[in-house]
Amino acid sequence: MLRRALLLLVVIVIISSISSGSTDLRSARELKAIQTMISVNGHSWTANHTSVSDLSPAEKQHRLGLIWQPPTGFRLPYVDMTATVASAWDWRNTKGANWVTPIKDQGDCGSCVGFATVATIESAVEISRGNPKPTPDLSEADLFFGGGASCNGWQFESALSRAQSAGIADEACWPYNGDGPCPDRANRVTKITSWKTITNPKDWIATNGPIMTGMEVNSDFFDYTGGVYTYDYGDFMGNHAICVIGYDDTQNCWICKNSWGTSWGEDGYFKIAYGECGMGTEFPFYVVQMSSTPPTPPTPPVPSGYGVIVLKKSGPVNLKVQSLKNAHIRELDITNPASKQISKVTSSVVGRNFNLGTFNTGDSLVFKIITDSGTFSSARSSNAGNANHMYLLPLGANRWQMRWAVSGNKFLDMVCSVTGS
């Protein structure tokens, strides 16, 4: 009791001082208050600085965007939390495969409904055809902006109705930060056949696939870095749409996919305790259904030519940043076979090893760097004017060195090694 009282006193002192001082100081004090309240309440999740924790309250609200306006007289049906199929499920590891597409980042726009809907449908496509390859990459912009939504937010029903009537084009047809749609959009869409709300979420997940729902977000959620989240501190910020990819009755939690990038949470995912934040109590669980023979999403052509690494053996692949001489390089990504961020680029990445994943013999690896002056691909054919911005040096069996050049002919702006098994 004495320890709890002392911790509460610390929290009171911290809260009273949060309103004063610089933004950095307020963020540090607020983080300390969150960590203290987690301890006071006996919870086990962890909080720390994340890619979104130090944003202003207005900027944090832009990371949400679920408009929840239930009709008059709406009453949420009773949700059966019994799991009769399995006591735990995670679609990232089912039948030896990952049926969840890569984490994305909605950025400074209230487009979470678009991202949660696309995440749910992408997994539904893979599961309905019985194969997670090729990985579907549907366009959040096509669904969200094409459906008439704005960064002020959107509704579940509008997104799902749009996915059923007009479908969703692939990402290349309308990139999230690009212009669209492409001229042949009508030939590139994936449609759902139906959608509905359910009352047996666990059995649906284990039998059919991921689902989506809403949650109330409080300010401490932005500092989440791991564990089973429960609300412990801070103000209500708004409603948010997320995709539920699994559950675990041992930990009494949902396993969810977020749309705030991989630098938040558990590499972009999070666990949340049953009954928290209105999931299943304030917000329904929504599901989608595909036709019995869904269309296979368009498969981008396999990159070839100069700057493409073709693996000679199956297994894990690692990348190491050996040197960095250009301070204007901001990000390093892999774009094929799947697109994901490897790392933000700062001086601290030099000497670090990054596990890129496990690949198959013959897979083609393509990379890109994002700089202050633009984006540059390792594949010459993907650059403007067929320009060469990466010199590829073979070092042996399944080993290469990449030497990047943003300008000029000295390929030393960043040097990386790529090593397969």
# chains A, B, ... in the order shown; residues from 1 in each chain; ligands from 1
$ select_by_dssp --residues "segment 47-278 of chain A" --states "strand (DSSP E or B)" --output "ChimeraX atom specification"
/A:47,66,88-90,94,97,105,138,150,153-154,168-170,189-190,194-198,211-218,224-226,228-229,236-248,253-257,260,266,269-273
$ write_last_selection --atoms "C-alpha atoms" --output "short mmCIF file (atom, residue, chain, number, x, y, z; two decimals), in the first residue's frame"
data_model
loop_
_atom_site.label_atom_id
_atom_site.label_comp_id
_atom_site.auth_asym_id
_atom_site.auth_seq_id
_atom_site.Cartn_x
_atom_site.Cartn_y
_atom_site.Cartn_z
CA ALA A 47 5.84 2.55 -22.96
CA LEU A 66 -12.65 6.65 -37.60
CA ALA A 88 -4.94 -18.84 -29.69
CA TRP A 89 -4.49 -17.79 -33.31
CA ASP A 90 -2.11 -15.57 -35.26
CA THR A 94 -0.54 -20.24 -39.68
CA ALA A 97 3.10 -19.09 -43.61
CA ASP A 105 1.95 4.06 -42.55
CA LEU A 138 -4.06 -3.00 -52.78
CA SER A 150 -10.94 13.16 -46.78
CA GLY A 153 -11.92 10.61 -41.46
CA TRP A 154 -14.33 8.03 -42.82
CA ILE A 168 -9.96 -1.60 -54.96
CA ALA A 169 -7.18 -1.16 -57.50
CA ASP A 170 -3.60 -2.24 -56.87
CA VAL A 189 -9.66 -4.03 -59.17
CA THR A 190 -10.31 -6.59 -56.47
CA SER A 194 -20.17 -9.12 -49.18
CA TRP A 195 -19.48 -7.74 -45.72
CA LYS A 196 -21.24 -7.93 -42.37
CA THR A 197 -20.83 -7.61 -38.61
CA ILE A 198 -20.34 -10.74 -36.51
CA ILE A 211 -11.41 -8.93 -39.08
CA MET A 212 -11.59 -5.21 -38.38
CA THR A 213 -13.07 -2.98 -35.73
CA GLY A 214 -12.69 0.35 -33.99
CA MET A 215 -11.08 1.40 -30.74
CA GLU A 216 -11.02 4.47 -28.53
CA VAL A 217 -7.50 5.86 -28.44
CA ASN A 218 -6.11 7.63 -25.40
CA TYR A 224 3.10 1.75 -26.71
CA THR A 225 6.19 -0.37 -27.46
CA GLY A 226 5.14 -3.86 -26.43
CA VAL A 228 -0.65 -6.35 -23.70
CA TYR A 229 -1.99 -2.81 -23.77
CA PHE A 236 -9.20 10.55 -25.06
CA MET A 237 -7.83 11.49 -28.50
CA GLY A 238 -10.34 9.98 -30.93
CA ASN A 239 -11.54 6.77 -32.58
CA HIS A 240 -9.29 4.56 -34.67
CA ALA A 241 -9.80 1.67 -37.11
CA ILE A 242 -7.58 -1.40 -36.87
CA CYS A 243 -7.31 -4.93 -38.28
CA VAL A 244 -7.47 -7.85 -35.82
CA ILE A 245 -5.22 -10.68 -37.01
CA GLY A 246 -5.42 -13.00 -34.02
CA TYR A 247 -6.04 -13.53 -30.32
CA ASP A 248 -4.53 -15.30 -27.32
CA CYS A 253 -5.73 -10.28 -25.64
CA TRP A 254 -6.38 -9.46 -29.28
CA ILE A 255 -3.44 -9.32 -31.72
CA CYS A 256 -3.81 -6.35 -34.06
CA LYS A 257 -2.26 -4.72 -37.10
CA TRP A 260 1.49 3.79 -38.05
CA GLU A 266 5.83 -4.33 -31.89
CA TYR A 269 1.58 -4.61 -34.43
CA PHE A 270 0.10 -4.53 -30.93
CA LYS A 271 -1.71 -6.68 -28.39
CA ILE A 272 -4.65 -5.26 -26.44
CA ALA A 273 -6.56 -6.74 -23.53
#
$ residues_around --residues "Phe74 of chain A" --least-positions-apart "3" --cutoff "12 Å" --atoms "only C-alpha atoms" --output "PyMOL selection string"
chain A and resi 68-71+77+282-284
$ select_by_dssp --residues "segment 82-251 of chain A" --states "alpha helix (DSSP H)" --output "PyMOL selection string"
chain A and resi 112-129+140-144+156-165+201-207
$ write_last_selection --atoms "N, CA and C atoms" --output "CSV table (one decimal), in the first residue's frame"
chain,number,residue,atom,x,y,z
A,112,CYS,N,-7.3,5.9,-41.4
A,112,CYS,CA,-7.1,4.6,-40.8
A,112,CYS,C,-8.2,3.6,-41.3
A,113,VAL,N,-9.4,4.1,-41.6
A,113,VAL,CA,-10.5,3.2,-42.1
A,113,VAL,C,-10.0,2.5,-43.4
A,114,GLY,N,-9.4,3.3,-44.3
A,114,GLY,CA,-9.0,2.8,-45.5
A,114,GLY,C,-7.9,1.8,-45.3
A,115,PHE,N,-7.0,2.0,-44.4
A,115,PHE,CA,-5.9,1.1,-44.2
A,115,PHE,C,-6.4,-0.2,-43.5
A,116,ALA,N,-7.3,-0.1,-42.5
A,116,ALA,CA,-7.8,-1.3,-41.9
A,116,ALA,C,-8.6,-2.1,-42.8
A,117,THR,N,-9.4,-1.5,-43.7
A,117,THR,CA,-10.2,-2.2,-44.7
A,117,THR,C,-9.3,-2.9,-45.7
A,118,VAL,N,-8.3,-2.3,-46.2
A,118,VAL,CA,-7.4,-2.9,-47.1
A,118,VAL,C,-6.6,-4.0,-46.5
A,119,ALA,N,-6.2,-3.9,-45.3
A,119,ALA,CA,-5.4,-4.9,-44.6
A,119,ALA,C,-6.3,-6.2,-44.4
A,120,THR,N,-7.6,-6.0,-44.1
A,120,THR,CA,-8.5,-7.1,-43.9
A,120,THR,C,-8.7,-7.8,-45.2
A,121,ILE,N,-8.9,-7.0,-46.3
A,121,ILE,CA,-9.2,-7.6,-47.6
A,121,ILE,C,-8.0,-8.3,-48.2
A,122,GLU,N,-6.8,-7.7,-48.0
A,122,GLU,CA,-5.6,-8.3,-48.6
A,122,GLU,C,-5.4,-9.7,-48.0
A,123,SER,N,-5.6,-9.9,-46.7
A,123,SER,CA,-5.5,-11.2,-46.0
A,123,SER,C,-6.6,-12.1,-46.5
A,124,ALA,N,-7.8,-11.6,-46.7
A,124,ALA,CA,-8.9,-12.4,-47.2
A,124,ALA,C,-8.6,-12.9,-48.6
A,125,VAL,N,-8.0,-12.1,-49.5
A,125,VAL,CA,-7.6,-12.6,-50.8
A,125,VAL,C,-6.6,-13.8,-50.7
A,126,GLU,N,-5.6,-13.6,-49.9
A,126,GLU,CA,-4.6,-14.7,-49.7
A,126,GLU,C,-5.3,-16.0,-49.2
A,127,ILE,N,-6.1,-15.9,-48.2
A,127,ILE,CA,-6.7,-17.0,-47.5
A,127,ILE,C,-7.7,-17.7,-48.5
A,128,SER,N,-8.5,-16.9,-49.2
A,128,SER,CA,-9.5,-17.5,-50.1
A,128,SER,C,-8.9,-18.3,-51.3
A,129,ARG,N,-7.7,-17.9,-51.7
A,129,ARG,CA,-7.1,-18.6,-52.8
A,129,ARG,C,-6.1,-19.6,-52.3
A,140,GLU,N,-4.7,1.8,-50.8
A,140,GLU,CA,-5.5,2.6,-49.8
A,140,GLU,C,-6.0,3.9,-50.4
A,141,ALA,N,-5.2,4.5,-51.3
A,141,ALA,CA,-5.6,5.8,-51.9
A,141,ALA,C,-6.8,5.6,-52.8
A,142,ASP,N,-6.8,4.4,-53.5
A,142,ASP,CA,-7.9,4.2,-54.4
A,142,ASP,C,-9.2,4.0,-53.7
A,143,LEU,N,-9.1,3.2,-52.6
A,143,LEU,CA,-10.3,3.0,-51.7
A,143,LEU,C,-10.7,4.3,-51.0
A,144,PHE,N,-9.8,5.0,-50.4
A,144,PHE,CA,-10.1,6.1,-49.5
A,144,PHE,C,-10.4,7.4,-50.3
A,156,PHE,N,-16.8,3.0,-41.5
A,156,PHE,CA,-16.6,1.6,-41.9
A,156,PHE,C,-17.6,1.2,-43.1
A,157,GLU,N,-18.8,1.6,-42.9
A,157,GLU,CA,-19.8,1.2,-43.9
A,157,GLU,C,-19.5,1.7,-45.3
A,158,SER,N,-19.1,3.0,-45.3
A,158,SER,CA,-18.7,3.6,-46.6
A,158,SER,C,-17.6,2.9,-47.3
A,159,ALA,N,-16.6,2.6,-46.5
A,159,ALA,CA,-15.4,1.9,-47.0
A,159,ALA,C,-15.8,0.5,-47.6
A,160,LEU,N,-16.5,-0.2,-46.8
A,160,LEU,CA,-16.9,-1.6,-47.2
A,160,LEU,C,-17.8,-1.6,-48.4
A,161,SER,N,-18.7,-0.7,-48.4
A,161,SER,CA,-19.6,-0.6,-49.6
A,161,SER,C,-18.9,-0.2,-50.8
A,162,ARG,N,-17.9,0.6,-50.7
A,162,ARG,CA,-17.0,1.0,-51.9
A,162,ARG,C,-16.2,-0.2,-52.3
A,163,ALA,N,-15.7,-1.0,-51.4
A,163,ALA,CA,-14.9,-2.2,-51.8
A,163,ALA,C,-15.8,-3.2,-52.5
A,164,GLN,N,-17.1,-3.2,-52.2
A,164,GLN,CA,-18.0,-4.2,-52.8
A,164,GLN,C,-18.4,-3.7,-54.1
A,165,SER,N,-18.8,-2.4,-54.3
A,165,SER,CA,-19.4,-1.9,-55.5
A,165,SER,C,-18.3,-1.6,-56.6
A,201,PRO,N,-16.2,-13.3,-32.9
A,201,PRO,CA,-15.0,-12.9,-33.5
A,201,PRO,C,-13.8,-14.0,-33.5
A,202,LYS,N,-13.7,-14.7,-32.4
A,202,LYS,CA,-12.5,-15.6,-32.3
A,202,LYS,C,-12.7,-16.8,-33.2
A,203,ASP,N,-13.9,-17.3,-33.3
A,203,ASP,CA,-14.1,-18.5,-34.2
A,203,ASP,C,-14.0,-18.0,-35.6
A,204,TRP,N,-14.5,-16.8,-35.9
A,204,TRP,CA,-14.4,-16.3,-37.3
A,204,TRP,C,-12.9,-16.2,-37.7
A,205,ILE,N,-12.1,-15.6,-36.8
A,205,ILE,CA,-10.7,-15.4,-37.1
A,205,ILE,C,-10.0,-16.7,-37.4
A,206,ALA,N,-10.2,-17.7,-36.5
A,206,ALA,CA,-9.6,-19.0,-36.7
A,206,ALA,C,-10.1,-19.8,-37.8
A,207,THR,N,-11.3,-19.5,-38.3
A,207,THR,CA,-11.9,-20.3,-39.4
A,207,THR,C,-11.7,-19.5,-40.7
$ residues_around --residues "Ile342 of chain A" --least-positions-apart "4" --cutoff "8 Å" --atoms "only C-alpha atoms" --output "JSON, numbers by chain"
{"A": [331, 332, 333, 334, 354, 356]}
$ closest_residue --among "A:Arg403, A:Lys95, A:Lys344, A:His389" --to "Ser51 of chain A" --atoms "only C-alpha atoms"
A:Lys344
$ residues_around --residues "segment 360-365 of chain A" --least-positions-apart "4" --cutoff "9 Å" --atoms "only C-alpha atoms" --output "ChimeraX atom specification"
/A:302-304,307-316,334-338
$ write_last_selection --atoms "N, CA and C atoms" --output "short mmCIF file (atom, residue, chain, number, x, y, z; two decimals), in the first residue's frame"
data_model
loop_
_atom_site.label_atom_id
_atom_site.label_comp_id
_atom_site.auth_asym_id
_atom_site.auth_seq_id
_atom_site.Cartn_x
_atom_site.Cartn_y
_atom_site.Cartn_z
N VAL A 302 8.68 -9.25 -62.64
CA VAL A 302 9.89 -9.46 -61.84
C VAL A 302 10.99 -8.55 -62.36
N PRO A 303 11.56 -7.73 -61.49
CA PRO A 303 12.62 -6.82 -61.95
C PRO A 303 13.81 -7.61 -62.50
N SER A 304 14.42 -7.04 -63.47
CA SER A 304 15.60 -7.68 -64.05
C SER A 304 16.55 -6.58 -64.50
N GLY A 307 21.53 -3.89 -61.25
CA GLY A 307 21.14 -3.42 -59.93
C GLY A 307 20.21 -4.34 -59.19
N VAL A 308 19.87 -5.49 -59.78
CA VAL A 308 18.97 -6.45 -59.15
C VAL A 308 19.78 -7.64 -58.64
N ILE A 309 19.60 -7.96 -57.35
CA ILE A 309 20.27 -9.11 -56.76
C ILE A 309 19.40 -10.35 -56.93
N VAL A 310 19.90 -11.36 -57.61
CA VAL A 310 19.17 -12.62 -57.80
C VAL A 310 19.80 -13.66 -56.88
N LEU A 311 19.01 -14.15 -55.92
CA LEU A 311 19.53 -15.07 -54.93
C LEU A 311 19.82 -16.44 -55.53
N LYS A 312 20.94 -17.00 -55.12
CA LYS A 312 21.37 -18.30 -55.64
C LYS A 312 21.01 -19.44 -54.70
N LYS A 313 20.45 -19.09 -53.52
CA LYS A 313 20.14 -20.12 -52.53
C LYS A 313 19.03 -19.62 -51.63
N SER A 314 18.15 -20.52 -51.23
CA SER A 314 17.07 -20.16 -50.32
C SER A 314 17.61 -19.96 -48.90
N GLY A 315 16.93 -19.10 -48.14
CA GLY A 315 17.31 -18.90 -46.74
C GLY A 315 17.23 -17.46 -46.33
N PRO A 316 17.65 -17.15 -45.09
CA PRO A 316 17.60 -15.77 -44.60
C PRO A 316 18.63 -14.89 -45.30
N ILE A 334 13.47 -2.03 -49.02
CA ILE A 334 13.47 -3.09 -50.03
C ILE A 334 12.13 -3.00 -50.75
N THR A 335 12.13 -3.10 -52.06
CA THR A 335 10.90 -2.93 -52.84
C THR A 335 10.45 -4.20 -53.56
N ASN A 336 11.28 -5.22 -53.59
CA ASN A 336 10.92 -6.49 -54.21
C ASN A 336 11.70 -7.61 -53.52
N PRO A 337 11.06 -8.76 -53.23
CA PRO A 337 9.74 -9.24 -53.63
C PRO A 337 8.57 -8.55 -52.93
N ALA A 338 8.80 -7.96 -51.76
CA ALA A 338 7.76 -7.19 -51.07
C ALA A 338 8.35 -5.84 -50.69
#
$ closest_residue --among "A:Ser139, A:Trp404, A:Gly209, A:Leu395" --to "Gly178 of chain A" --atoms "only C-alpha atoms"
A:Ser139
$ closest_residue --among "A:Gly110, A:Gly265, A:Gly280, A:Gly148" --to "Leu64 of chain A" --atoms "only C-alpha atoms"
A:Gly110
$ residues_around --residues "Lys325 of chain A" --least-positions-apart "2" --cutoff "7 Å" --atoms "only C-alpha atoms" --output "list of chain:residue names"
A:Ser323, A:Ala327, A:Leu412, A:Asp413, A:Met414
$ write_last_selection --atoms "C-alpha atoms" --output "PDB file, in the first residue's frame"
ATOM      1  CA  SER A 323      29.537   3.297 -44.336  1.00  0.00           C
ATOM      2  CA  ALA A 327      23.784  13.016 -44.713  1.00  0.00           C
ATOM      3  CA  LEU A 412      30.312   6.003 -51.884  1.00  0.00           C
ATOM      4  CA  ASP A 413      27.291   7.889 -50.551  1.00  0.00           C
ATOM      5  CA  MET A 414      26.271   4.724 -48.714  1.00  0.00           C
TER       6      MET A 414
END
$ closest_residue --among "A:Asn200, A:Gln61, A:Asn152, A:Gln106" --to "Thr84 of chain A" --atoms "only C-alpha atoms"
A:Asn200
$ residues_around --residues "Ser53 of chain A" --least-positions-apart "3" --cutoff "7 Å" --atoms "only C-alpha atoms" --output "list in words"
His49, Thr50, Phe222 and Asp223 of chain A
